[in-house]
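Text of the file start-v8.txt, holding compact mmCIF, C-alpha atoms:
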# COMPACT_ATOMS: atom_id res chain seq x y z
CA MET B 1 25.23 -31.60 73.74
CA ARG B 2 27.72 -33.96 75.39
CA ARG B 3 30.62 -32.30 73.58
CA PHE B 4 29.43 -28.85 74.68
CA ASN B 5 29.10 -30.15 78.25
CA SER B 6 32.65 -31.52 78.05
CA LEU B 7 34.02 -28.13 77.01
CA ILE B 8 32.07 -26.44 79.83
CA THR B 9 33.44 -29.04 82.25
CA ALA B 10 37.04 -28.39 81.18
CA PHE B 11 36.57 -24.66 81.79
CA ILE B 12 34.92 -25.34 85.15
CA ILE B 13 37.84 -27.52 86.23
CA ALA B 14 40.34 -24.82 85.27
CA LEU B 15 38.35 -22.14 87.12
CA VAL B 16 37.88 -24.39 90.16
CA LEU B 17 41.62 -24.98 90.36
CA ILE B 18 42.32 -21.24 90.18
CA HIS B 19 39.59 -20.60 92.76
CA VAL B 20 40.93 -23.28 95.12
CA ILE B 21 44.50 -22.01 94.91
CA TYR B 22 43.51 -18.38 95.45
CA GLY B 23 40.92 -19.24 98.11
CA SER B 24 43.48 -21.36 99.97
CA LEU B 25 45.91 -18.46 99.97
CA VAL B 26 43.17 -16.24 101.41
CA LEU B 27 42.36 -18.79 104.14
CA PHE B 28 46.07 -19.18 104.93
CA GLY B 29 46.23 -15.39 105.30
CA ALA B 30 48.79 -15.09 102.50
CA SER B 31 46.54 -13.07 100.18
CA PRO B 32 43.85 -10.46 100.76
CA GLY B 33 40.28 -11.53 99.97
CA GLY B 34 37.74 -9.63 97.92
CA ASN B 35 39.80 -9.49 94.71
CA ARG B 36 37.54 -8.19 91.91
CA ILE B 37 39.10 -10.51 89.31
CA MET B 38 38.35 -13.54 91.50
CA GLU B 39 34.77 -12.33 92.00
CA VAL B 40 34.29 -12.16 88.21
CA LEU B 41 35.90 -15.60 87.72
CA THR B 42 33.63 -17.00 90.43
CA ILE B 43 30.55 -15.58 88.69
CA VAL B 44 31.68 -17.05 85.35
CA MET B 45 32.30 -20.38 87.10
CA PHE B 46 28.82 -20.21 88.67
CA VAL B 47 27.18 -19.65 85.27
CA LEU B 48 29.14 -22.55 83.77
CA VAL B 49 28.19 -24.81 86.71
CA VAL B 50 24.51 -23.96 86.22
CA LEU B 51 24.82 -24.86 82.51
CA HIS B 52 26.61 -28.08 83.46
CA ILE B 53 23.81 -28.96 85.90
CA VAL B 54 21.07 -28.27 83.35
CA ILE B 55 22.80 -30.38 80.69
CA GLY B 56 23.50 -33.14 83.24
CA LEU B 57 19.83 -33.19 84.28
CA LYS B 58 18.76 -33.41 80.63
CA LEU B 59 21.17 -36.27 79.92
CA THR B 60 20.09 -38.08 83.10
CA ALA B 61 16.42 -37.68 82.15
CA ASP B 62 17.18 -39.10 78.69
CA THR B 63 18.89 -42.09 80.32
CA ILE B 64 15.96 -42.71 82.66
CA LYS B 65 13.54 -42.55 79.70
CA ALA B 66 15.67 -45.07 77.78
CA VAL B 67 15.72 -47.40 80.81
CA ARG B 68 11.93 -47.18 81.13
CA ARG B 69 11.45 -47.90 77.42
CA SER B 70 13.72 -50.91 77.50
CA GLY B 71 12.31 -52.19 80.78
CA VAL B 72 15.78 -53.21 82.01
CA SER B 73 18.01 -51.03 84.20
CA TYR B 74 21.16 -53.11 84.84
CA PRO B 75 21.87 -51.50 88.25
CA LYS B 76 25.18 -53.29 88.79
CA GLU B 77 26.53 -52.31 85.39
CA ASN B 78 25.34 -48.71 85.81
CA ARG B 79 26.77 -48.19 89.29
CA LEU B 80 29.45 -45.79 88.01
CA PHE B 81 26.82 -43.79 86.10
CA TRP B 82 24.76 -43.36 89.27
CA THR B 83 27.89 -42.60 91.33
CA ARG B 84 28.56 -39.74 88.94
CA ARG B 85 25.01 -38.43 89.28
CA ILE B 86 24.82 -38.82 93.08
CA SER B 87 28.24 -37.23 93.59
CA GLY B 88 27.14 -34.36 91.34
CA PHE B 89 24.02 -33.86 93.46
CA ALA B 90 26.07 -33.99 96.67
CA LEU B 91 28.47 -31.50 95.13
CA LEU B 92 25.56 -29.17 94.36
CA VAL B 93 24.34 -29.32 97.96
CA PHE B 94 27.83 -28.70 99.35
CA LEU B 95 28.44 -25.92 96.80
CA ILE B 96 25.37 -24.06 98.04
CA LEU B 97 26.55 -24.51 101.64
CA HIS B 98 30.09 -23.46 100.64
CA VAL B 99 28.81 -20.20 99.16
CA HIS B 100 26.77 -19.56 102.30
CA ILE B 101 29.59 -20.44 104.70
CA LEU B 102 32.31 -18.45 102.95
CA SER B 103 30.33 -15.44 101.87
CA GLY B 104 32.13 -12.43 103.22
CA ARG B 105 31.60 -8.74 103.53
CA HIS B 106 33.72 -5.62 103.26
CA GLU B 107 34.37 -3.78 106.52
CA GLY B 108 36.55 -0.71 106.47
CA GLY B 109 38.30 -1.74 103.27
CA VAL B 110 38.98 -5.26 104.60
CA TYR B 111 37.24 -8.42 103.37
CA ARG B 112 35.86 -10.41 106.32
CA LEU B 113 34.58 -13.98 106.21
CA SER B 114 31.83 -15.29 108.48
CA TYR B 115 32.29 -17.47 111.57
CA PHE B 116 33.95 -20.81 110.81
CA GLY B 117 33.31 -23.51 113.42
CA ILE B 118 33.38 -27.31 113.42
CA LEU B 119 30.15 -27.62 111.40
CA GLN B 120 31.52 -25.29 108.72
CA LEU B 121 34.79 -27.27 108.69
CA LEU B 122 32.95 -30.59 108.25
CA VAL B 123 30.77 -29.21 105.46
CA SER B 124 33.86 -27.76 103.74
CA LEU B 125 35.76 -31.05 103.97
CA LEU B 126 32.73 -32.97 102.66
CA PHE B 127 32.61 -30.46 99.80
CA VAL B 128 36.24 -31.25 98.94
CA ILE B 129 35.60 -35.00 99.17
CA SER B 130 32.50 -34.85 96.97
CA LEU B 131 34.42 -32.76 94.44
CA LEU B 132 37.22 -35.33 94.43
CA ILE B 133 34.77 -38.22 93.92
CA HIS B 134 32.92 -36.37 91.17
CA LEU B 135 36.13 -35.47 89.35
CA THR B 136 37.64 -38.94 89.79
CA THR B 137 34.62 -40.73 88.35
CA ASN B 138 34.27 -38.27 85.46
CA ILE B 139 37.86 -37.77 84.28
CA ARG B 140 37.79 -40.79 81.93
CA PRO B 141 34.59 -39.82 80.06
CA LEU B 142 35.75 -36.20 79.93
CA LYS B 143 39.09 -37.26 78.47
CA ILE B 144 37.33 -39.39 75.85
CA ALA B 145 34.83 -36.63 75.00
CA LEU B 146 37.65 -34.12 74.51
CA GLY B 147 39.53 -36.60 72.32
CA LEU B 148 42.58 -36.78 74.58
CA SER B 149 44.66 -39.90 74.01
CA ASP B 150 46.10 -41.67 77.01
CA ARG B 151 49.54 -42.52 75.70
CA ARG B 152 51.14 -41.06 78.84
CA ASN B 153 48.38 -41.97 81.29
CA ILE B 154 47.13 -38.38 81.34
CA LYS B 155 44.23 -39.49 83.56
CA GLY B 156 46.67 -40.39 86.34
CA ASP B 157 48.53 -37.09 85.91
CA ILE B 158 45.32 -35.07 86.05
CA LEU B 159 44.06 -36.93 89.12
CA PHE B 160 47.40 -36.50 90.88
CA PHE B 161 47.45 -32.74 90.20
CA VAL B 162 43.80 -32.28 91.20
CA SER B 163 44.34 -34.36 94.36
CA ILE B 164 47.23 -32.12 95.40
CA ILE B 165 45.12 -29.00 94.86
CA LEU B 166 42.18 -30.45 96.79
CA LEU B 167 44.51 -31.52 99.60
CA LEU B 168 45.64 -27.90 99.71
CA ALA B 169 41.99 -26.86 100.03
CA GLY B 170 41.39 -29.33 102.88
CA ILE B 171 44.48 -28.10 104.73
CA ALA B 172 43.44 -24.47 104.17
CA PHE B 173 39.96 -25.14 105.61
CA PHE B 174 41.51 -26.87 108.63
CA ILE B 175 44.02 -24.07 109.26
CA TYR B 176 41.25 -21.49 108.88
CA TYR B 177 39.20 -23.44 111.42
CA LEU B 178 42.16 -23.44 113.83
CA LYS B 179 42.54 -19.66 113.38
CA TRP B 180 38.89 -19.17 114.31
CA GLN B 181 39.32 -21.35 117.39
CA ALA B 182 42.35 -19.32 118.49
CA THR B 183 40.39 -16.05 118.48
Go ahead and express the file in the form of structure tokens.
Amino acid sequence: MRRFNSLITAFIIALVLIHVIYGSLVLFGASPGGNRIMEVLTIVMFVLVVLHIVIGLKLTADTIKAVRRSGVSYPKENRLFWTRRISGFALLVFLILHVHILSGRHEGGVYRLSYFGILQLLVSLLFVISLLIHLTTNIRPLKIALGLSDRRNIKGDILFFVSIILLLAGIAFFIYYLKWQAT
């Protein structure tokens, strides 16, 4: 199950990166929104995220059962484990808000997004931060589960690339916020 979850996670990361790049271009105004291919990719990503959540909940429940059976929890040693779970939960909350905030509609052949004020900006930036924390804390176990060796410090390369993409997302949200304030 962990191996399957790792493969799902790798696909989610790839789809998230595509989504972030395309979505940033839309928010910058450099690309039209409402692209049918992106809608399909987003639906596929949503299904994979739901599978990832279900598997994560099952693995967390198994861990909690094992802790109860042993009678010892080792909270200090398991801090990273709980950081991964809490950041995943925060990510879920912000994902739901992200979908609500950036759900658009078609008007006269043009894709229009909803109002984007300071609250929407803060939620969007918290979404990016929680995604960064969740990815950062989970890259090492994902790399191990996928059997990737770290001869070239691939973890650092992945985190650098993902950080650049997420910085792009944060800048795009901020510029989009400024556009809304100018109108």
Between atom CA of B:Asn153 and atom CA of B:Thr63, what is the distance in Å, rounded to a tenth?
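Computing the Euclidean distance for atom CA of B:Asn153 and atom CA of B:Thr63 yields 29.5 Å.
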Applying 7 Å and all atoms listed in the file, which residues near stretch 33-48 of chain B remain after dropping the ones on its own chain fewer than 6 positions away? List them as an NGL selection string.
:B and (8 or 12 or 15 or 26 or 111)
Take the selection from the previous step and output its residues with C-alpha atoms, as a PDB file, keeping the file's coordinate frame.
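In the end it all went to out_38.pdb:
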ATOM      1  CA  ILE B   8      32.070 -26.440  79.830  1.00  0.00           C
ATOM      2  CA  ILE B  12      34.920 -25.340  85.150  1.00  0.00           C
ATOM      3  CA  LEU B  15      38.350 -22.140  87.120  1.00  0.00           C
ATOM      4  CA  VAL B  26      43.170 -16.240 101.410  1.00  0.00           C
ATOM      5  CA  TYR B 111      37.240  -8.420 103.370  1.00  0.00           C
TER       6      TYR B 111
END
Using all atoms listed in the file, which of the listed residues (B:Ile18, B:Leu125, B:Ala172, B:Leu178) sits closest to B:Ala30?
B:Ala172
Using only C-alpha atoms, which residues sit within 7 Å of B:Arg3 once same-chain residues fewer than 3 positions away are excluded, as a list in words?
Ser6, Leu7 and Ala145 of chain B
Output file for the residues above (C-alpha atoms, as a CSV table (one decimal), in the coordinates of the input):
chain,number,residue,atom,x,y,z
B,6,SER,CA,32.6,-31.5,78.0
B,7,LEU,CA,34.0,-28.1,77.0
B,145,ALA,CA,34.8,-36.6,75.0
Can you tell me how far atom CA of B:Ile21 sits from atom CA of B:Ile101, in Å to one decimal?
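Going from atom CA of B:Ile21 over to atom CA of B:Ile101 covers 17.9 Å.
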Which residue, B:Ala90, B:Ile154, B:Ala10, B:Leu126, has the smallest gap to B:His52 when you use all atoms listed in the file?
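The closest residue to B:His52 is B:Ala10.
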Pairwise distance for atom CA of B:Ile164 and atom CA of B:Phe4, rounded to one decimal in Å:
27.5 Å
Please determine, counting only C-alpha atoms, which residue among B:Val72, B:Leu142, B:Leu159, B:Leu131 has the shortest atom-to-atom distance to B:Val20.
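Using only C-alpha atoms, B:Val20 sits closest to B:Leu131.
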Could you name the residues that touch B:Ser124 at 8 Å or less, counting only C-alpha atoms, but leaving out those on the same chain fewer than 5 positions away, as a short mmCIF file (atom, residue, chain, number, x, y, z; two decimals) with C-alpha atoms, in the coordinates of the input?
data_model
loop_
_atom_site.label_atom_id
_atom_site.label_comp_id
_atom_site.auth_asym_id
_atom_site.auth_seq_id
_atom_site.Cartn_x
_atom_site.Cartn_y
_atom_site.Cartn_z
CA PHE B 94 27.83 -28.70 99.35
CA HIS B 98 30.09 -23.46 100.64
CA GLY B 170 41.39 -29.33 102.88
CA PHE B 173 39.96 -25.14 105.61
#
Using all atoms listed in the file, list the residues that have an atom at most 12 Å from (24.9, -34.0, 83.3), coordinates as in the file, as number ranges by chain.
B: 1-6, 8-9, 49-63, 81-82, 84-89, 134, 138, 141-142
Selected residues written out with C-alpha atoms, as an mmCIF file, in the coordinates of the input:
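The resulting again10.cif:
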data_model
loop_
_atom_site.group_PDB
_atom_site.id
_atom_site.type_symbol
_atom_site.label_atom_id
_atom_site.label_comp_id
_atom_site.auth_asym_id
_atom_site.auth_seq_id
_atom_site.Cartn_x
_atom_site.Cartn_y
_atom_site.Cartn_z
ATOM 1 C CA MET B 1 25.230 -31.600 73.740
ATOM 2 C CA ARG B 2 27.720 -33.960 75.390
ATOM 3 C CA ARG B 3 30.620 -32.300 73.580
ATOM 4 C CA PHE B 4 29.430 -28.850 74.680
ATOM 5 C CA ASN B 5 29.100 -30.150 78.250
ATOM 6 C CA SER B 6 32.650 -31.520 78.050
ATOM 7 C CA ILE B 8 32.070 -26.440 79.830
ATOM 8 C CA THR B 9 33.440 -29.040 82.250
ATOM 9 C CA VAL B 49 28.190 -24.810 86.710
ATOM 10 C CA VAL B 50 24.510 -23.960 86.220
ATOM 11 C CA LEU B 51 24.820 -24.860 82.510
ATOM 12 C CA HIS B 52 26.610 -28.080 83.460
ATOM 13 C CA ILE B 53 23.810 -28.960 85.900
ATOM 14 C CA VAL B 54 21.070 -28.270 83.350
ATOM 15 C CA ILE B 55 22.800 -30.380 80.690
ATOM 16 C CA GLY B 56 23.500 -33.140 83.240
ATOM 17 C CA LEU B 57 19.830 -33.190 84.280
ATOM 18 C CA LYS B 58 18.760 -33.410 80.630
ATOM 19 C CA LEU B 59 21.170 -36.270 79.920
ATOM 20 C CA THR B 60 20.090 -38.080 83.100
ATOM 21 C CA ALA B 61 16.420 -37.680 82.150
ATOM 22 C CA ASP B 62 17.180 -39.100 78.690
ATOM 23 C CA THR B 63 18.890 -42.090 80.320
ATOM 24 C CA PHE B 81 26.820 -43.790 86.100
ATOM 25 C CA TRP B 82 24.760 -43.360 89.270
ATOM 26 C CA ARG B 84 28.560 -39.740 88.940
ATOM 27 C CA ARG B 85 25.010 -38.430 89.280
ATOM 28 C CA ILE B 86 24.820 -38.820 93.080
ATOM 29 C CA SER B 87 28.240 -37.230 93.590
ATOM 30 C CA GLY B 88 27.140 -34.360 91.340
ATOM 31 C CA PHE B 89 24.020 -33.860 93.460
ATOM 32 C CA HIS B 134 32.920 -36.370 91.170
ATOM 33 C CA ASN B 138 34.270 -38.270 85.460
ATOM 34 C CA PRO B 141 34.590 -39.820 80.060
ATOM 35 C CA LEU B 142 35.750 -36.200 79.930
#
Considering all atoms listed in the file, state which residue in the set B:Ser31, B:Val128, B:Ile64, B:Leu95 is at the smallest distance from B:Ala169.
B:Val128
Can you tell me, as a PyMOL selection string, what residues are no more than 8 Å from B:Lys155 when counting only C-alpha atoms, ignoring any on the same chain fewer than 2 positions away?
chain B and resi 139-140+143+150+153+157-159
Which residue gives the smallest distance to B:Ile165 among B:Ser149, B:Ser24, B:Thr183, B:Ser130, with only C-alpha atoms counted?
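Closest candidate: B:Ser24.
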Residue nearest B:Gln181 - candidates B:Leu17, B:Leu25, B:Leu97, B:Ile118, atoms counted: only C-alpha atoms:
B:Ile118
Starting from 5 Å padding per side, set up an axis-aligned box that covers all listed atoms of stretch 81-89 of chain B and hand over centre and edge lengths in Å, one decimal, as AutoDock Vina command-line options.
--center_x 26.3 --center_y -38.8 --center_z 89.8 --size_x 14.5 --size_y 19.9 --size_z 17.5
